[in-house]
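Structure file model30.cif (mmCIF, N, CA and C atoms) is printed below.
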```cif
data_run
#
loop_
_atom_site.label_atom_id
_atom_site.label_comp_id
_atom_site.auth_asym_id
_atom_site.auth_seq_id
_atom_site.Cartn_x
_atom_site.Cartn_y
_atom_site.Cartn_z
N MET A 25 -26.00 41.76 -25.10
CA MET A 25 -26.52 40.59 -24.45
C MET A 25 -25.93 39.30 -25.04
N LYS A 26 -25.82 39.26 -26.36
CA LYS A 26 -25.25 38.09 -27.03
C LYS A 26 -23.78 37.89 -26.63
N ILE A 27 -23.06 38.99 -26.42
CA ILE A 27 -21.65 38.91 -26.05
C ILE A 27 -21.52 38.31 -24.64
N LYS A 28 -22.37 38.73 -23.71
CA LYS A 28 -22.32 38.21 -22.34
C LYS A 28 -22.64 36.72 -22.31
N VAL A 29 -23.65 36.29 -23.04
CA VAL A 29 -24.03 34.88 -23.08
C VAL A 29 -22.92 34.06 -23.73
N GLY A 30 -22.37 34.57 -24.82
CA GLY A 30 -21.30 33.87 -25.53
C GLY A 30 -20.05 33.75 -24.66
N THR A 31 -19.69 34.84 -23.98
CA THR A 31 -18.52 34.84 -23.11
C THR A 31 -18.73 33.87 -21.95
N GLY A 32 -19.91 33.88 -21.36
CA GLY A 32 -20.22 32.96 -20.25
C GLY A 32 -20.15 31.51 -20.70
N LEU A 33 -20.66 31.25 -21.87
CA LEU A 33 -20.65 29.89 -22.41
C LEU A 33 -19.21 29.41 -22.66
N ILE A 34 -18.40 30.27 -23.23
CA ILE A 34 -17.00 29.91 -23.50
C ILE A 34 -16.24 29.68 -22.20
N LEU A 35 -16.41 30.57 -21.22
CA LEU A 35 -15.74 30.39 -19.93
C LEU A 35 -16.19 29.10 -19.25
N GLY A 36 -17.47 28.82 -19.32
CA GLY A 36 -17.99 27.59 -18.71
C GLY A 36 -17.39 26.34 -19.34
N LEU A 37 -17.29 26.34 -20.65
CA LEU A 37 -16.70 25.19 -21.35
C LEU A 37 -15.22 25.04 -21.02
N LEU A 38 -14.51 26.16 -20.93
CA LEU A 38 -13.10 26.09 -20.56
C LEU A 38 -12.92 25.52 -19.16
N LEU A 39 -13.71 25.96 -18.22
CA LEU A 39 -13.60 25.46 -16.85
C LEU A 39 -13.94 23.98 -16.77
N MET A 40 -14.97 23.57 -17.48
CA MET A 40 -15.34 22.15 -17.47
C MET A 40 -14.25 21.30 -18.12
N GLY A 41 -13.69 21.79 -19.20
CA GLY A 41 -12.65 21.06 -19.91
C GLY A 41 -11.39 20.88 -19.09
N CYS A 42 -11.05 21.88 -18.30
CA CYS A 42 -9.82 21.81 -17.50
C CYS A 42 -9.97 20.94 -16.27
N SER A 43 -11.16 20.88 -15.71
CA SER A 43 -11.31 20.17 -14.44
C SER A 43 -11.78 18.73 -14.59
N SER A 44 -12.46 18.37 -15.61
CA SER A 44 -13.05 17.03 -15.70
C SER A 44 -12.02 15.93 -15.90
N SER A 45 -10.94 16.19 -16.60
CA SER A 45 -9.96 15.13 -16.87
C SER A 45 -9.28 14.68 -15.59
N LYS A 46 -8.96 15.57 -14.68
CA LYS A 46 -8.31 15.20 -13.44
C LYS A 46 -9.24 14.36 -12.57
N LYS A 47 -10.51 14.72 -12.52
CA LYS A 47 -11.48 13.95 -11.73
C LYS A 47 -11.63 12.54 -12.30
N THR A 48 -11.59 12.41 -13.60
CA THR A 48 -11.71 11.09 -14.22
C THR A 48 -10.52 10.21 -13.84
N ILE A 49 -9.34 10.76 -13.83
CA ILE A 49 -8.14 10.00 -13.47
C ILE A 49 -8.22 9.58 -12.01
N GLU A 50 -8.60 10.49 -11.13
CA GLU A 50 -8.70 10.15 -9.71
C GLU A 50 -9.74 9.07 -9.48
N THR A 51 -10.86 9.15 -10.14
CA THR A 51 -11.91 8.15 -9.99
C THR A 51 -11.42 6.80 -10.47
N THR A 52 -10.71 6.76 -11.58
CA THR A 52 -10.18 5.52 -12.12
C THR A 52 -9.18 4.90 -11.14
N GLU A 53 -8.33 5.71 -10.55
CA GLU A 53 -7.34 5.20 -9.61
C GLU A 53 -8.01 4.59 -8.38
N VAL A 54 -9.05 5.21 -7.89
CA VAL A 54 -9.76 4.70 -6.72
C VAL A 54 -10.43 3.37 -7.06
N LEU A 55 -10.99 3.25 -8.22
CA LEU A 55 -11.68 2.03 -8.61
C LEU A 55 -10.70 0.87 -8.80
N GLU A 56 -9.46 1.15 -9.19
CA GLU A 56 -8.49 0.09 -9.44
C GLU A 56 -7.95 -0.52 -8.15
N LYS A 57 -8.02 0.18 -7.04
CA LYS A 57 -7.51 -0.35 -5.78
C LYS A 57 -8.50 -1.40 -5.27
N LYS A 58 -7.97 -2.56 -4.93
CA LYS A 58 -8.84 -3.61 -4.44
C LYS A 58 -8.78 -3.65 -2.92
N GLN A 59 -9.89 -3.98 -2.33
CA GLN A 59 -9.93 -4.10 -0.89
C GLN A 59 -9.54 -5.52 -0.51
N VAL A 60 -8.66 -5.62 0.49
CA VAL A 60 -8.18 -6.92 0.94
C VAL A 60 -8.67 -7.13 2.36
N VAL A 61 -9.31 -8.25 2.58
CA VAL A 61 -9.77 -8.61 3.92
C VAL A 61 -8.73 -9.53 4.53
N LEU A 62 -8.21 -9.15 5.69
CA LEU A 62 -7.17 -9.92 6.34
C LEU A 62 -7.76 -10.80 7.44
N SER A 63 -7.19 -11.99 7.57
CA SER A 63 -7.57 -12.84 8.71
C SER A 63 -6.95 -12.22 9.96
N SER A 64 -7.30 -12.72 11.11
CA SER A 64 -6.75 -12.16 12.35
C SER A 64 -5.24 -12.35 12.41
N GLU A 65 -4.74 -13.49 11.93
CA GLU A 65 -3.29 -13.73 11.91
C GLU A 65 -2.58 -12.79 10.95
N GLN A 66 -3.17 -12.57 9.77
CA GLN A 66 -2.58 -11.65 8.81
C GLN A 66 -2.59 -10.22 9.33
N ALA A 67 -3.67 -9.85 10.00
CA ALA A 67 -3.77 -8.51 10.58
C ALA A 67 -2.71 -8.32 11.67
N GLU A 68 -2.49 -9.35 12.45
CA GLU A 68 -1.46 -9.28 13.49
C GLU A 68 -0.07 -9.17 12.86
N GLY A 69 0.17 -9.94 11.79
CA GLY A 69 1.44 -9.85 11.07
C GLY A 69 1.66 -8.47 10.48
N LYS A 70 0.60 -7.89 9.94
CA LYS A 70 0.68 -6.53 9.38
C LYS A 70 1.02 -5.54 10.48
N MET A 71 0.35 -5.65 11.62
CA MET A 71 0.60 -4.75 12.74
C MET A 71 2.05 -4.88 13.22
N LEU A 72 2.53 -6.11 13.35
CA LEU A 72 3.92 -6.33 13.77
C LEU A 72 4.89 -5.73 12.76
N TYR A 73 4.62 -5.94 11.49
CA TYR A 73 5.48 -5.40 10.43
C TYR A 73 5.54 -3.88 10.50
N GLU A 74 4.37 -3.26 10.60
CA GLU A 74 4.33 -1.80 10.63
C GLU A 74 4.94 -1.23 11.90
N ASN A 75 4.65 -1.84 13.05
CA ASN A 75 5.12 -1.29 14.33
C ASN A 75 6.57 -1.61 14.64
N ASN A 76 7.07 -2.76 14.26
CA ASN A 76 8.43 -3.14 14.58
C ASN A 76 9.41 -2.77 13.47
N CYS A 77 9.09 -3.11 12.26
CA CYS A 77 10.00 -2.85 11.16
C CYS A 77 10.02 -1.36 10.79
N GLY A 78 8.86 -0.72 10.93
CA GLY A 78 8.74 0.68 10.58
C GLY A 78 9.40 1.63 11.57
N LYS A 79 9.85 1.13 12.70
CA LYS A 79 10.53 1.98 13.68
C LYS A 79 11.88 2.45 13.15
N CYS A 80 12.55 1.60 12.41
CA CYS A 80 13.93 1.88 12.00
C CYS A 80 14.08 2.33 10.54
N HIS A 81 13.14 1.94 9.69
CA HIS A 81 13.28 2.28 8.27
C HIS A 81 11.93 2.30 7.59
N ALA A 82 11.92 2.83 6.38
CA ALA A 82 10.70 2.85 5.57
C ALA A 82 10.29 1.42 5.24
N LEU A 83 9.00 1.17 5.22
CA LEU A 83 8.50 -0.17 4.94
C LEU A 83 8.45 -0.43 3.44
N PHE A 84 8.80 -1.63 3.07
CA PHE A 84 8.70 -2.05 1.68
C PHE A 84 7.30 -2.60 1.43
N SER A 85 6.82 -2.42 0.23
CA SER A 85 5.56 -3.03 -0.16
C SER A 85 5.75 -4.54 -0.18
N ALA A 86 4.72 -5.27 0.24
CA ALA A 86 4.84 -6.73 0.30
C ALA A 86 5.17 -7.34 -1.06
N ASP A 87 4.73 -6.72 -2.14
CA ASP A 87 4.98 -7.28 -3.46
C ASP A 87 6.34 -6.87 -4.04
N LYS A 88 7.14 -6.16 -3.26
CA LYS A 88 8.48 -5.75 -3.72
C LYS A 88 9.40 -6.97 -3.87
N PHE A 89 9.23 -7.97 -3.01
CA PHE A 89 10.07 -9.16 -3.04
C PHE A 89 9.22 -10.42 -3.16
N SER A 90 9.82 -11.47 -3.69
CA SER A 90 9.14 -12.76 -3.79
C SER A 90 9.18 -13.46 -2.43
N LYS A 91 8.47 -14.55 -2.32
CA LYS A 91 8.47 -15.35 -1.08
C LYS A 91 9.88 -15.79 -0.73
N GLU A 92 10.62 -16.22 -1.73
CA GLU A 92 11.99 -16.68 -1.51
C GLU A 92 12.91 -15.54 -1.07
N GLN A 93 12.65 -14.35 -1.55
CA GLN A 93 13.48 -13.20 -1.17
C GLN A 93 13.12 -12.68 0.23
N TRP A 94 11.84 -12.77 0.60
CA TRP A 94 11.42 -12.28 1.91
C TRP A 94 11.98 -13.14 3.04
N GLU A 95 12.10 -14.44 2.81
CA GLU A 95 12.51 -15.34 3.89
C GLU A 95 13.83 -14.93 4.56
N PRO A 96 14.93 -14.74 3.83
CA PRO A 96 16.18 -14.34 4.51
C PRO A 96 16.10 -12.92 5.09
N ILE A 97 15.32 -12.06 4.46
CA ILE A 97 15.18 -10.69 4.97
C ILE A 97 14.52 -10.71 6.34
N VAL A 98 13.42 -11.45 6.45
CA VAL A 98 12.69 -11.51 7.72
C VAL A 98 13.54 -12.20 8.78
N LEU A 99 14.24 -13.26 8.41
CA LEU A 99 15.12 -13.94 9.36
C LEU A 99 16.23 -13.01 9.88
N ARG A 100 16.82 -12.26 8.97
CA ARG A 100 17.90 -11.35 9.35
C ARG A 100 17.39 -10.22 10.24
N MET A 101 16.21 -9.72 9.96
CA MET A 101 15.68 -8.57 10.69
C MET A 101 15.02 -8.96 12.01
N GLN A 102 14.75 -10.23 12.22
CA GLN A 102 14.09 -10.69 13.44
C GLN A 102 14.84 -10.22 14.70
N LYS A 103 16.14 -10.43 14.71
CA LYS A 103 16.94 -10.08 15.88
C LYS A 103 16.93 -8.57 16.12
N LYS A 104 17.06 -7.80 15.05
CA LYS A 104 17.07 -6.34 15.18
C LYS A 104 15.72 -5.82 15.67
N ALA A 105 14.64 -6.45 15.22
CA ALA A 105 13.30 -6.02 15.60
C ALA A 105 12.88 -6.58 16.97
N ARG A 106 13.67 -7.52 17.47
CA ARG A 106 13.40 -8.15 18.77
C ARG A 106 11.99 -8.77 18.82
N ILE A 107 11.76 -9.63 17.83
CA ILE A 107 10.49 -10.35 17.79
C ILE A 107 10.76 -11.85 17.94
N THR A 108 9.75 -12.56 18.43
CA THR A 108 9.87 -14.00 18.65
C THR A 108 9.76 -14.74 17.31
N ASP A 109 10.04 -16.04 17.36
CA ASP A 109 9.89 -16.86 16.15
C ASP A 109 8.44 -16.86 15.67
N GLU A 110 7.51 -16.91 16.60
CA GLU A 110 6.08 -16.89 16.25
C GLU A 110 5.72 -15.56 15.58
N GLN A 111 6.21 -14.47 16.12
CA GLN A 111 5.93 -13.16 15.53
C GLN A 111 6.59 -13.03 14.16
N ARG A 112 7.80 -13.58 14.03
CA ARG A 112 8.48 -13.57 12.73
C ARG A 112 7.65 -14.30 11.69
N ASP A 113 7.09 -15.44 12.07
CA ASP A 113 6.26 -16.21 11.15
C ASP A 113 5.00 -15.44 10.74
N LEU A 114 4.42 -14.70 11.69
CA LEU A 114 3.24 -13.89 11.38
C LEU A 114 3.59 -12.79 10.37
N VAL A 115 4.72 -12.14 10.58
CA VAL A 115 5.17 -11.10 9.65
C VAL A 115 5.43 -11.71 8.28
N PHE A 116 6.14 -12.81 8.24
CA PHE A 116 6.45 -13.48 6.97
C PHE A 116 5.17 -13.88 6.24
N ASN A 117 4.24 -14.49 6.96
CA ASN A 117 2.98 -14.91 6.33
C ASN A 117 2.18 -13.72 5.81
N TYR A 118 2.22 -12.62 6.52
CA TYR A 118 1.55 -11.41 6.02
C TYR A 118 2.19 -10.93 4.72
N LEU A 119 3.52 -10.90 4.70
CA LEU A 119 4.22 -10.37 3.52
C LEU A 119 4.05 -11.23 2.28
N VAL A 120 3.87 -12.54 2.46
CA VAL A 120 3.78 -13.43 1.29
C VAL A 120 2.36 -13.98 1.08
N MET A 121 1.38 -13.41 1.72
CA MET A 121 0.02 -13.98 1.68
C MET A 121 -0.59 -14.07 0.28
N ASN A 122 -0.19 -13.24 -0.66
CA ASN A 122 -0.80 -13.29 -1.99
C ASN A 122 0.17 -13.82 -3.04
N LYS A 123 1.14 -14.56 -2.63
CA LYS A 123 2.13 -15.06 -3.60
C LYS A 123 2.02 -16.54 -3.81
#
```

The structure given in the file should be rewritten as structure tokens.
Amino acid sequence: MKIKVGTGLILGLLLMGCSSSKKTIETTEVLEKKQVVLSSEQAEGKMLYENNCGKCHALFSADKFSKEQWEPIVLRMQKKARITDEQRDLVFNYLVMNK
């Protein structure tokens, strides 16, 4: 009887030790992500960015480039994406909203 209880206790501790560290990391990662509330213009810029720019290539994270770096990129890609000047401004404002 003592062997069964001891074996069960050891197995239980091993299982808890192996699984708890991964759950802690996942929980920490979820807590670190901040929720961003977008205005209607920013949401439209995000939609335009995802739907027009994402058709041809993988999308870059908005924080990949500075405001100064995004400006010529968005200007250059406007013609290829076939968006208006107003739509270009919405995309640009979305990409640089936190800079």

Matched chain/residue IDs from the PyMOL selection byres (((chain A and resi 95 and name CA) around 10) and name CA), as number ranges by chain = A: 89-94, 96-100, 112-113, 116-117, 119-120

Grab the CA of Asn122 (chain A) to CA of Asn76 (chain A) distance for me, in Å with one decimal place.
->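 Computing the Euclidean distance for CA of Asn122 (chain A) and CA of Asn76 (chain A) yields 21.5 Å.
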
CA of Gly69 (chain A) and CA of Ser85 (chain A) are how many Å apart?
->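 That distance, rounded to one decimal, is 13.8 Å.
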
Separation of atom C of Asn75 (chain A) from atom C of Ala105 (chain A), in Å and rounded to one decimal |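 Atom C of Asn75 (chain A) sits 8.4 Å away from atom C of Ala105 (chain A).
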
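Residues with at least one atom no more than 10 Å from (6.7, -3.3, 9.1), using only C-alpha atoms, are A:Gly69, A:Lys70, A:Met71, A:Leu72, A:Tyr73, A:Glu74, A:Asn75, A:Asn76, A:Cys77, A:Gly78, A:Lys79, A:Cys80, A:His81, A:Ala82, A:Leu83, A:Phe84, A:Ser85, A:Ala86, A:Ala105, A:Val115, A:Leu119.
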
Starting from 8 Å padding per side, set up an axis-aligned box that covers all listed atoms of region 118-122 of chain A and hand over centre and edge lengths in Å, one decimal, as JSON.
```
{"center_x": 1.7, "center_y": -12.2, "center_z": 1.7, "size_x": 21.0, "size_y": 19.7, "size_z": 25.6}
```

All helix (DSSP H, G or I) residues (DSSP, backbone) inside region 62-105 of chain A, as a ChimeraX atom specification | /A:64-79,86-88,91-105

Can you pull out every residue within 9 Å of Ala67 (chain A), counting only C-alpha atoms, but drop anything in the same chain fewer than 5 positions away, and send it as number ranges by chain?
-> A: 61-62, 72, 114, 118
